[in-house]
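File shown: target-v5.pdb (PDB, C-alpha atoms and all ligand atoms).
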```pdb
ATOM      1  CA  MET Z   1       0.000   0.000   0.000
ATOM      2  CA  ILE Z   2       1.554   3.285  -1.103
ATOM      3  CA  GLY Z   3       0.464   6.529   0.539
ATOM      4  CA  PRO Z   4      -1.940   7.111   3.413
ATOM      5  CA  LEU Z   5      -3.504   3.979   4.883
ATOM      6  CA  SER Z   6      -6.855   4.414   6.611
ATOM      7  CA  ASP Z   7      -8.329   2.052   9.210
ATOM      8  CA  ALA Z   8     -11.217   1.435   6.806
ATOM      9  CA  ALA Z   9      -8.776   0.314   4.098
ATOM     10  CA  VAL Z  10      -7.018  -2.062   6.519
ATOM     11  CA  GLU Z  11     -10.367  -3.479   7.584
ATOM     12  CA  SER Z  12     -11.630  -3.996   4.038
ATOM     13  CA  LEU Z  13      -8.368  -5.697   3.026
ATOM     14  CA  GLY Z  14      -8.750  -7.951   6.090
ATOM     15  CA  ARG Z  15     -12.207  -8.936   4.856
ATOM     16  CA  LEU Z  16     -10.592 -10.028   1.575
ATOM     17  CA  GLY Z  17      -8.155 -12.291   3.438
ATOM     18  CA  VAL Z  18      -5.075 -10.029   3.327
ATOM     19  CA  GLY Z  19      -2.811 -11.074   6.234
ATOM     20  CA  VAL Z  20       0.057  -8.595   5.844
ATOM     21  CA  ILE Z  21       0.111  -5.037   4.501
ATOM     22  CA  HIS Z  22       3.450  -3.464   3.565
ATOM     23  CA  HIS Z  23       2.840   0.230   4.046
ATOM     24  CA  LEU Z  24       5.069   2.420   1.877
ATOM     25  CA  ASP Z  25       4.660   6.006   2.967
ATOM     26  CA  HIS Z  26       7.020   8.855   2.122
ATOM     27  CA  PRO Z  27       6.360  12.480   1.090
ATOM     28  CA  ASP Z  28       8.090  11.863  -2.266
ATOM     29  CA  LEU Z  29       5.697   8.999  -3.002
ATOM     30  CA  ALA Z  30       2.579  11.132  -2.529
ATOM     31  CA  GLU Z  31       2.297  11.743  -6.286
ATOM     32  CA  TYR Z  32       2.586   8.856  -8.713
ATOM     33  CA  SER Z  33       6.063   8.213 -10.076
ATOM     34  CA  ALA Z  34       6.499   4.822 -11.750
ATOM     35  CA  ALA Z  35      10.226   4.549 -10.978
ATOM     36  CA  ALA Z  36       9.994   5.722  -7.339
ATOM     37  CA  TRP Z  37       6.903   3.640  -6.530
ATOM     38  CA  ALA Z  38       8.395   0.555  -8.207
ATOM     39  CA  GLN Z  39      11.683   0.977  -6.304
ATOM     40  CA  ALA Z  40       9.756   1.244  -3.024
ATOM     41  CA  ILE Z  41       7.959  -1.997  -3.871
ATOM     42  CA  VAL Z  42      11.234  -3.677  -4.833
ATOM     43  CA  ASP Z  43      12.857  -2.468  -1.576
ATOM     44  CA  VAL Z  44      10.376  -4.471   0.502
ATOM     45  CA  ALA Z  45       9.797  -7.378  -1.927
ATOM     46  CA  PRO Z  46      11.014 -10.817  -0.926
ATOM     47  CA  GLU Z  47      13.828 -12.445  -2.902
ATOM     48  CA  SER Z  48      11.601 -15.313  -3.892
ATOM     49  CA  GLY Z  49       7.902 -15.578  -4.500
ATOM     50  CA  THR Z  50       5.487 -13.661  -6.672
ATOM     51  CA  LEU Z  51       5.083  -9.933  -7.097
ATOM     52  CA  LEU Z  52       1.804  -9.105  -8.781
ATOM     53  CA  ALA Z  53      -0.441  -6.218  -9.680
ATOM     54  CA  SER Z  54      -3.696  -5.803 -11.525
ATOM     55  CA  GLY Z  55      -3.323  -5.346 -15.271
ATOM     56  CA  THR Z  56      -4.237  -1.668 -15.287
ATOM     57  CA  PRO Z  57      -1.954   0.778 -17.119
ATOM     58  CA  ARG Z  58      -0.423   1.728 -13.747
ATOM     59  CA  GLY Z  59      -0.103  -1.887 -12.574
ATOM     60  CA  MET Z  60       1.594  -2.802 -15.853
ATOM     61  CA  GLU Z  61       4.021   0.106 -15.615
ATOM     62  CA  LEU Z  62       4.941  -0.601 -11.992
ATOM     63  CA  MET Z  63       5.514  -4.314 -12.544
ATOM     64  CA  ALA Z  64       7.600  -3.657 -15.679
ATOM     65  CA  HIS Z  65       9.851  -1.317 -13.670
ATOM     66  CA  ALA Z  66       9.982  -3.816 -10.797
ATOM     67  CA  ALA Z  67      10.916  -6.683 -13.117
ATOM     68  CA  VAL Z  68      13.786  -4.680 -14.633
ATOM     69  CA  ARG Z  69      15.017  -3.579 -11.215
ATOM     70  CA  THR Z  70      14.978  -7.093  -9.721
ATOM     71  CA  GLY Z  71      16.125  -8.837 -12.906
ATOM     72  CA  ALA Z  72      13.062 -11.103 -12.590
ATOM     73  CA  ARG Z  73      11.045 -12.504 -15.514
ATOM     74  CA  MET Z  74       7.621 -10.958 -16.016
ATOM     75  CA  ALA Z  75       4.342 -12.127 -17.561
ATOM     76  CA  ALA Z  76       1.537  -9.650 -18.257
ATOM     77  CA  ASN Z  77      -2.210 -10.328 -18.494
ATOM     78  CA  VAL Z  78      -2.166 -13.635 -16.616
ATOM     79  CA  ILE Z  79      -5.586 -15.263 -16.195
ATOM     80  CA  ALA Z  80      -4.702 -18.498 -14.364
ATOM     81  CA  ALA Z  81      -1.842 -20.203 -12.543
ATOM     82  CA  ASP Z  82      -1.482 -23.866 -11.589
ATOM     83  CA  ALA Z  83       1.170 -26.575 -11.258
ATOM     84  CA  GLU Z  84       1.612 -26.514 -15.061
ATOM     85  CA  GLY Z  85       2.579 -22.835 -15.028
ATOM     86  CA  LEU Z  86       0.797 -19.682 -16.108
ATOM     87  CA  LEU Z  87      -1.904 -18.989 -18.672
ATOM     88  CA  ARG Z  88      -2.027 -15.511 -20.113
ATOM     89  CA  GLN Z  89      -3.924 -13.533 -22.735
ATOM     90  CA  VAL Z  90      -2.017 -12.355 -25.783
ATOM     91  CA  HIS Z  91      -2.982 -10.355 -28.892
ATOM     92  CA  GLY Z  92      -5.643  -8.368 -27.063
ATOM     93  CA  GLY Z  93      -7.310 -11.473 -25.650
ATOM     94  CA  THR Z  94      -7.720 -13.272 -28.983
ATOM     95  CA  ALA Z  95      -5.227 -16.012 -28.047
ATOM     96  CA  PHE Z  96      -3.794 -17.630 -24.937
ATOM     97  CA  GLU Z  97      -0.249 -18.575 -24.068
ATOM     98  CA  ARG Z  98       0.970 -21.134 -21.537
ATOM     99  CA  LEU Z  99       4.331 -20.384 -20.019
ATOM    100  CA  ARG Z 100       6.646 -20.925 -17.069
ATOM    101  CA  LEU Z 101       8.857 -18.237 -15.611
ATOM    102  CA  ASP Z 102      12.407 -19.098 -14.494
ATOM    103  CA  GLY Z 103      13.931 -17.714 -11.331
ATOM    104  CA  ASP Z 104      12.976 -17.439  -7.688
ATOM    105  CA  LEU Z 105      10.973 -14.245  -8.084
ATOM    106  CA  GLN Z 106       8.113 -13.986 -10.583
ATOM    107  CA  VAL Z 107       6.531 -10.712 -11.609
ATOM    108  CA  LEU Z 108       2.957 -10.830 -12.959
ATOM    109  CA  THR Z 109       0.028  -8.646 -13.868
ATOM    110  CA  ILE Z 110      -3.465 -10.093 -13.774
ATOM    111  CA  ALA Z 111      -5.718  -9.459 -16.787
ATOM    112  CA  GLY Z 112      -8.740  -7.235 -16.159
ATOM    113  CA  HIS Z 113     -11.866  -9.165 -15.090
ATOM    114  CA  ALA Z 114      -9.870 -12.435 -14.818
ATOM    115  CA  CYS Z 115     -10.877 -12.824 -11.190
ATOM    116  CA  THR Z 116     -13.293 -11.301  -8.740
ATOM    117  CA  PRO Z 117     -12.342 -10.475  -5.136
ATOM    118  CA  GLU Z 118     -14.286 -12.535  -2.640
ATOM    119  CA  GLU Z 119     -14.854 -11.765   1.028
ATOM    120  CA  THR Z 120     -13.734 -14.417   3.484
ATOM    121  CA  THR Z 121     -13.627 -14.794   7.272
ATOM    122  CA  PRO Z 122     -12.325 -11.364   8.332
ATOM    123  CA  ILE Z 123      -8.806 -11.217   9.750
ATOM    124  CA  THR Z 124      -6.801  -8.322  11.120
ATOM    125  CA  PRO Z 125      -3.846  -7.710   8.807
ATOM    126  CA  GLU Z 126      -0.424  -7.006  10.263
ATOM    127  CA  VAL Z 127       0.859  -3.663   8.981
ATOM    128  CA  TYR Z 128       4.606  -3.237   8.391
ATOM    129  CA  ALA Z 129       5.880   0.332   8.019
ATOM    130  CA  TYR Z 130       9.272   1.170   6.476
ATOM    131  CA  ASP Z 131      11.854   3.903   6.672
ATOM    132  CA  LEU Z 132      12.249   4.468   2.929
ATOM    133  CA  THR Z 133      14.768   6.501   0.977
ATOM    134  CA  VAL Z 134      13.633   7.828  -2.395
ATOM    135  CA  ALA Z 135      16.393   8.555  -4.932
ATOM    136  CA  GLU Z 136      16.147  11.907  -6.741
ATOM    137  CA  ALA Z 137      16.855  10.111 -10.047
ATOM    138  CA  ASP Z 138      13.672   8.078  -9.590
ATOM    139  CA  LEU Z 139      11.583  11.233  -9.376
ATOM    140  CA  THR Z 140      12.515  12.578 -12.821
ATOM    141  CA  THR Z 141       9.126  11.506 -14.151
ATOM    142  CA  ARG Z 142       6.259  12.030 -11.791
ATOM    143  CA  VAL Z 143       2.724  13.354 -11.731
ATOM    144  CA  GLN Z 144       2.719  17.132 -11.259
ATOM    145  CA  ARG Z 145      -0.981  17.908 -11.469
ATOM    146  CA  THR Z 146      -4.189  15.892 -11.664
ATOM    147  CA  GLU Z 147      -7.318  17.209 -13.349
ATOM    148  CA  VAL Z 148     -10.524  15.339 -12.707
ATOM    149  CA  GLU Z 149     -12.719  14.990 -15.780
ATOM    150  CA  ALA Z 150     -16.507  14.911 -15.692
ATOM    151  CA  ALA Z 151     -17.735  11.645 -14.192
ATOM    152  CA  ASP Z 152     -17.298   8.673 -16.558
ATOM    153  CA  ASP Z 153     -20.301   6.864 -15.183
ATOM    154  CA  ALA Z 154     -21.129   3.421 -16.561
ATOM    155  CA  SER Z 155     -23.490   2.402 -13.742
ATOM    156  CA  GLY Z 156     -26.676   2.897 -15.817
ATOM    157  CA  LEU Z 157     -25.246   0.661 -18.514
ATOM    158  CA  THR Z 158     -24.220  -2.170 -16.207
ATOM    159  CA  SER Z 159     -27.563  -2.278 -14.387
ATOM    160  CA  ALA Z 160     -29.910  -1.757 -17.383
ATOM    161  CA  ARG Z 161     -32.260  -4.625 -18.219
ATOM    162  CA  ALA Z 162     -32.322  -3.648 -21.897
ATOM    163  CA  VAL Z 163     -29.204  -2.419 -23.690
ATOM    164  CA  VAL Z 164     -29.144  -1.233 -27.291
ATOM    165  CA  GLY Z 165     -25.651  -1.616 -28.739
ATOM    166  CA  ALA Z 166     -24.362   0.567 -31.558
ATOM    167  CA  GLY Z 167     -21.269  -0.047 -33.660
ATOM    168  CA  ARG Z 168     -19.494   1.358 -36.676
ATOM    169  CA  GLY Z 169     -22.575   0.439 -38.708
ATOM    170  CA  VAL Z 170     -24.361   3.594 -37.482
ATOM    171  CA  GLY Z 171     -22.139   5.404 -39.998
ATOM    172  CA  SER Z 172     -21.156   8.588 -38.173
ATOM    173  CA  GLU Z 173     -21.508  10.503 -34.927
ATOM    174  CA  ASN Z 174     -24.830  11.767 -36.277
ATOM    175  CA  GLY Z 175     -26.136   8.241 -36.856
ATOM    176  CA  PHE Z 176     -27.427   7.476 -33.351
ATOM    177  CA  ALA Z 177     -30.925   9.022 -33.571
ATOM    178  CA  GLU Z 178     -32.851   5.761 -34.103
ATOM    179  CA  VAL Z 179     -30.888   3.737 -31.539
ATOM    180  CA  LEU Z 180     -31.222   6.484 -28.924
ATOM    181  CA  GLU Z 181     -34.967   6.639 -29.536
ATOM    182  CA  LEU Z 182     -35.159   2.858 -29.055
ATOM    183  CA  VAL Z 183     -33.162   3.166 -25.804
ATOM    184  CA  ASP Z 184     -35.762   5.701 -24.679
ATOM    185  CA  HIS Z 185     -38.718   3.481 -25.575
ATOM    186  CA  LEU Z 186     -37.182   0.527 -23.702
ATOM    187  CA  GLY Z 187     -36.117   2.576 -20.684
ATOM    188  CA  GLY Z 188     -32.687   1.025 -21.187
ATOM    189  CA  ALA Z 189     -29.130   2.153 -21.865
ATOM    190  CA  LEU Z 190     -26.895   2.647 -24.868
ATOM    191  CA  GLY Z 191     -23.766   0.482 -25.167
ATOM    192  CA  VAL Z 192     -21.234   0.965 -27.960
ATOM    193  CA  SER Z 193     -18.265  -0.765 -29.554
ATOM    194  CA  ARG Z 194     -14.692   0.396 -29.225
ATOM    195  CA  VAL Z 195     -14.660   1.668 -32.794
ATOM    196  CA  VAL Z 196     -17.406   4.080 -31.768
ATOM    197  CA  THR Z 197     -15.531   5.390 -28.728
ATOM    198  CA  GLY Z 198     -12.219   5.321 -30.604
ATOM    199  CA  LEU Z 199     -13.675   7.576 -33.303
ATOM    200  CA  GLY Z 200     -14.929   9.896 -30.577
ATOM    201  CA  TRP Z 201     -18.587   9.388 -31.559
ATOM    202  CA  ARG Z 202     -19.600   8.482 -27.979
ATOM    203  CA  PRO Z 203     -17.858   8.587 -24.545
ATOM    204  CA  HIS Z 204     -15.796   5.683 -23.218
ATOM    205  CA  ALA Z 205     -18.278   5.149 -20.343
ATOM    206  CA  GLU Z 206     -20.659   3.658 -22.908
ATOM    207  CA  GLN Z 207     -18.174   1.105 -24.268
ATOM    208  CA  VAL Z 208     -19.000  -2.558 -23.856
ATOM    209  CA  GLY Z 209     -16.403  -5.305 -24.008
ATOM    210  CA  GLN Z 210     -13.051  -6.415 -22.773
ATOM    211  CA  THR Z 211     -11.846  -2.855 -22.271
ATOM    212  CA  GLY Z 212     -15.282  -1.467 -21.455
ATOM    213  CA  SER Z 213     -18.190  -2.575 -19.291
ATOM    214  CA  ARG Z 214     -19.323  -6.171 -18.881
ATOM    215  CA  ILE Z 215     -23.096  -6.256 -18.975
ATOM    216  CA  SER Z 216     -25.781  -8.856 -18.320
ATOM    217  CA  PRO Z 217     -29.100  -7.347 -19.420
ATOM    218  CA  ASP Z 218     -32.248  -9.342 -20.182
ATOM    219  CA  VAL Z 219     -31.856  -8.282 -23.790
ATOM    220  CA  TYR Z 220     -28.962  -6.866 -25.823
ATOM    221  CA  ILE Z 221     -29.843  -5.477 -29.254
ATOM    222  CA  ALA Z 222     -26.608  -5.129 -31.232
ATOM    223  CA  CYS Z 223     -27.009  -2.688 -34.146
ATOM    224  CA  GLY Z 224     -24.205  -2.553 -36.702
ATOM    225  CA  ILE Z 225     -21.712  -4.391 -34.494
ATOM    226  CA  SER Z 226     -19.662  -7.180 -36.086
ATOM    227  CA  GLY Z 227     -19.121  -9.256 -32.941
ATOM    228  CA  ALA Z 228     -15.350  -9.111 -32.433
ATOM    229  CA  ILE Z 229     -14.146 -11.324 -29.579
ATOM    230  CA  GLN Z 230     -13.318  -8.289 -27.435
ATOM    231  CA  HIS Z 231     -16.882  -6.999 -27.772
ATOM    232  CA  MET Z 232     -18.437 -10.427 -27.146
ATOM    233  CA  ALA Z 233     -16.415 -10.662 -23.901
ATOM    234  CA  GLY Z 234     -18.593  -7.883 -22.519
ATOM    235  CA  ILE Z 235     -21.977  -9.382 -23.397
ATOM    236  CA  GLU Z 236     -21.536 -13.010 -22.360
ATOM    237  CA  GLY Z 237     -24.050 -12.411 -19.569
ATOM    238  CA  ALA Z 238     -26.840 -11.102 -21.865
ATOM    239  CA  LYS Z 239     -29.844 -13.405 -21.598
ATOM    240  CA  THR Z 240     -31.199 -12.729 -25.092
ATOM    241  CA  LEU Z 241     -29.099 -11.458 -27.973
ATOM    242  CA  VAL Z 242     -30.669  -9.705 -30.960
ATOM    243  CA  ALA Z 243     -28.524  -8.669 -33.948
ATOM    244  CA  ILE Z 244     -29.406  -6.059 -36.549
ATOM    245  CA  ASN Z 245     -26.792  -6.137 -39.278
ATOM    246  CA  THR Z 246     -26.450  -5.965 -43.044
ATOM    247  CA  ASP Z 247     -24.036  -8.913 -43.021
ATOM    248  CA  GLU Z 248     -25.641 -12.244 -42.305
ATOM    249  CA  GLU Z 249     -22.201 -13.840 -42.023
ATOM    250  CA  SER Z 250     -21.100 -11.535 -39.183
ATOM    251  CA  THR Z 251     -20.234 -13.192 -35.878
ATOM    252  CA  MET Z 252     -22.920 -11.148 -34.108
ATOM    253  CA  VAL Z 253     -25.635 -12.530 -36.410
ATOM    254  CA  GLN Z 254     -24.258 -16.058 -36.077
ATOM    255  CA  ARG Z 255     -24.229 -15.833 -32.277
ATOM    256  CA  ALA Z 256     -27.598 -14.066 -31.894
ATOM    257  CA  ASP Z 257     -30.814 -15.639 -30.655
ATOM    258  CA  TYR Z 258     -32.704 -13.460 -33.169
ATOM    259  CA  ALA Z 259     -31.271 -11.617 -36.160
ATOM    260  CA  ILE Z 260     -32.660  -9.056 -38.580
ATOM    261  CA  ILE Z 261     -30.633  -8.628 -41.766
ATOM    262  CA  GLY Z 262     -30.919  -5.072 -43.001
ATOM    263  CA  ASP Z 263     -29.900  -1.469 -42.618
ATOM    264  CA  LEU Z 264     -30.088  -0.571 -38.921
ATOM    265  CA  HIS Z 265     -31.502   2.885 -39.555
ATOM    266  CA  GLU Z 266     -34.438   1.387 -41.460
ATOM    267  CA  VAL Z 267     -34.952  -1.567 -39.092
ATOM    268  CA  VAL Z 268     -34.645   0.380 -35.830
ATOM    269  CA  GLY Z 269     -36.713   3.222 -37.324
ATOM    270  CA  ALA Z 270     -39.488   0.756 -38.165
ATOM    271  CA  VAL Z 271     -39.310  -0.818 -34.673
ATOM    272  CA  ASN Z 272     -39.631   2.648 -33.090
ATOM    273  CA  GLU Z 273     -42.641   3.477 -35.275
ATOM    274  CA  GLU Z 274     -44.319   0.217 -34.289
ATOM    275  CA  ILE Z 275     -43.680   0.834 -30.574
ATOM    276  CA  VAL Z 276     -45.160   4.334 -30.866
ATOM    277  CA  ARG Z 277     -48.155   2.978 -32.846
ATOM    278  CA  ARG Z 278     -48.874   0.208 -30.304
ATOM    279  CA  ARG Z 279     -48.525   2.505 -27.315
ATOM    280  CA  GLY Z 280     -50.950   4.881 -29.009
TER     281      GLY Z 280
HETATM  282  C1  LIG Z 301      -6.852  -5.044 -26.903
HETATM  283  C2  LIG Z 301      -8.165  -4.783 -27.576
HETATM  284  C3  LIG Z 301      -9.255  -4.504 -26.779
HETATM  285  C4  LIG Z 301     -10.498  -4.251 -27.375
HETATM  286  N1  LIG Z 301     -11.578  -3.995 -26.582
HETATM  287  C5  LIG Z 301     -12.779  -3.811 -27.167
HETATM  288  C6  LIG Z 301     -13.942  -3.587 -26.369
HETATM  289  O1  LIG Z 301     -13.888  -3.514 -25.127
HETATM  290  N2  LIG Z 301     -15.124  -3.425 -26.998
HETATM  291  C7  LIG Z 301     -15.251  -3.475 -28.367
HETATM  292  O2  LIG Z 301     -16.371  -3.311 -28.882
HETATM  293  N3  LIG Z 301     -14.171  -3.690 -29.134
HETATM  294  C8  LIG Z 301     -12.951  -3.834 -28.565
HETATM  295  N4  LIG Z 301     -11.869  -4.009 -29.369
HETATM  296  C9  LIG Z 301     -12.015  -3.788 -30.829
HETATM  297  C10 LIG Z 301     -12.587  -4.996 -31.572
HETATM  298  O3  LIG Z 301     -11.547  -5.867 -31.949
HETATM  299  C11 LIG Z 301     -13.327  -4.534 -32.855
HETATM  300  O4  LIG Z 301     -12.438  -3.781 -33.650
HETATM  301  C12 LIG Z 301     -14.573  -3.700 -32.583
HETATM  302  O5  LIG Z 301     -15.392  -4.309 -31.620
HETATM  303  C13 LIG Z 301     -15.352  -3.552 -33.884
HETATM  304  O6  LIG Z 301     -16.383  -2.618 -33.685
HETATM  305  P1  LIG Z 301     -17.654  -2.637 -34.606
HETATM  306  O7  LIG Z 301     -18.304  -3.982 -34.530
HETATM  307  O8  LIG Z 301     -18.456  -1.445 -34.260
HETATM  308  O9  LIG Z 301     -17.062  -2.349 -36.064
HETATM  309  P2  LIG Z 301     -16.852  -3.300 -37.305
HETATM  310  O10 LIG Z 301     -16.085  -4.518 -36.954
HETATM  311  O11 LIG Z 301     -16.331  -2.450 -38.395
HETATM  312  O12 LIG Z 301     -18.321  -3.797 -37.671
HETATM  313  C14 LIG Z 301     -19.328  -2.972 -38.180
HETATM  314  C15 LIG Z 301     -20.544  -3.846 -38.438
HETATM  315  O13 LIG Z 301     -21.606  -3.028 -38.867
HETATM  316  C16 LIG Z 301     -22.293  -3.686 -39.925
HETATM  317  N5  LIG Z 301     -22.953  -2.630 -40.664
HETATM  318  C17 LIG Z 301     -22.392  -1.676 -41.463
HETATM  319  N6  LIG Z 301     -23.320  -0.821 -41.908
HETATM  320  C18 LIG Z 301     -24.508  -1.233 -41.387
HETATM  321  C19 LIG Z 301     -25.833  -0.742 -41.457
HETATM  322  N7  LIG Z 301     -26.141   0.369 -42.156
HETATM  323  N8  LIG Z 301     -26.808  -1.406 -40.793
HETATM  324  C20 LIG Z 301     -26.518  -2.536 -40.079
HETATM  325  N9  LIG Z 301     -25.274  -3.033 -39.966
HETATM  326  C21 LIG Z 301     -24.271  -2.384 -40.601
HETATM  327  C22 LIG Z 301     -21.211  -4.431 -40.670
HETATM  328  O14 LIG Z 301     -21.766  -5.515 -41.397
HETATM  329  C23 LIG Z 301     -20.324  -4.907 -39.522
HETATM  330  O15 LIG Z 301     -20.762  -6.168 -39.044
HETATM  331  C24 LIG Z 301     -10.624  -4.275 -28.796
HETATM  332  C25 LIG Z 301      -9.511  -4.585 -29.576
HETATM  333  C26 LIG Z 301      -8.300  -4.835 -28.989
HETATM  334  C27 LIG Z 301      -7.121  -5.165 -29.862
END
```
Can you dump the structure from the file as structure tokens?
Ligand SMILES: Cc1cc2nc3c(=O)[nH]c(=O)nc-3n(C[C@H](O)[C@H](O)[C@H](O)COP(=O)(O)OP(=O)(O)OC[C@H]3O[C@@H](n4cnc5c(N)ncnc54)[C@H](O)[C@@H]3O)c2cc1C
Amino acid sequence: MIGPLSDAAVESLGRLGVGVIHHLDHPDLAEYSAAAWAQAIVDVAPESGTLLASGTPRGMELMAHAAVRTGARMAANVIAADAEGLLRQVHGGTAFERLRLDGDLQVLTIAGHACTPEETTPITPEVYAYDLTVAEADLTTRVQRTEVEAADDASGLTSARAVVGAGRGVGSENGFAEVLELVDHLGGALGVSRVVTGLGWRPHAEQVGQTGSRISPDVYIACGISGAIQHMAGIEGAKTLVAINTDEESTMVQRADYAIIGDLHEVVGAVNEEIVRRRG
């Protein structure tokens, strides 16, 4: 744990089965600096065992620095470990690799969503504090200022019972009118593919998939989304999958419970008209 450690944090870690907390506190570690934070971790790391972090950009950066500083082998995006070795995601999650790491110390990052923390019988963790020295050279790159952006809130998307998905097939940032009207009629939420957020058509909070939200609505209506593996990873929990796509060979159509082959603007427009007509 780097930085201030509250009693509440100690207690919640205890509920997750954490027995020992190494508390790394120093004024020079108050702002994030990959090199300084990694060196502090390395300073208290054992010579053998496993050093791991979650596979976030920061976790990846810290473990990469730590691996270089300890000379240990590192594996990123690990999803499982057993007597056979490690299993990790490669190529953005489209393939898996089995591997073993040599050496007494292993450095790993765990792929996002690979495991869920579970509460266990609460214990009181022991907290070890250290008298750390931070080298000036390790502070060359560090966070100077943090600006908080408007809330990137995905909570509506993850709890919605009906989600209308929109992909590149909408055509442009002005192509969302029909899908947004359908979202309104269903009292649901809009979910989009990474192409849509990557092009800046919609905010990242609406992205569904491996690097977005994982959703489990009663119904997911995918409009103009091809069904790439990284998108499908986010909708595995959907109870009913409906695809609207011009390509009947697309993965989304093949995987759907119901599919409508056609232009999404026409199909969704017609569905909206019918909803309005039936509701009078
Ligand atoms: C590391 C990594 C992480 C990723 N994470 C994610 C993620 O979290 N979420 C995600 O979505 N992707 C993710 N991707 C990207 C993913 O691989 C795909 O590129 C992306 O999902 C494709 O988006 P799309 O289906 O909108 O676009 P496309 O693949 O271009 O598909 C567009 C679809 O629209 C259909 N279409 C076109 N015009 C119409 C029309 N008028 N009416 C109806 N249908 C039409 C086409 O037939 C096609 O099926 C990730 C990739 C990598 C490498």
- Task: Check which residues satisfy the PyMOL selection byres (((chain Z and resi 260-271) around 12) and not hetatm) in the file shown, then give them as a ChimeraX atom specification.
- Result: /Z:164-172,174-183,185-186,221-225,241-250,252-254,256-259,272-278
- Task: Decode the PyMOL selection byres (((chain Z and resi 87) around 8) and not hetatm) for the given file into explicit residues and return them as a list in words.
- Result: Val78, Ile79, Ala80, Ala81, Gly85, Leu86, Arg88, Gln89, Phe96, Glu97, Arg98 and Leu99 of chain Z
Centre, x/y/z edge lengths, axis-aligned box for ligand LIG 301 (chain Z) with 6 Å per side, as JSON:
```
{"center_x": -16.8, "center_y": -2.9, "center_z": -33.6, "size_x": 32.0, "size_y": 18.5, "size_z": 29.0}
```
- Query: What's the 9 Å shell around range 120-135 of chain Z, counting all atoms listed in the file, without same-chain residues fewer than 2 positions away, as a ChimeraX atom specification?
  - Reply: /Z:10-26,28-29,36-37,39-40,43-44,118,137-139
- Message: Given only C-alpha atoms as the basis, pick out the residue of Z:Ser216, Z:Thr70, Z:Glu173, Z:Val90 nearest to Thr197 in chain Z.
- Response: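 Between Z:Ser216, Z:Thr70, Z:Glu173, Z:Val90, the residue approaching Thr197 in chain Z most closely is Z:Glu173.
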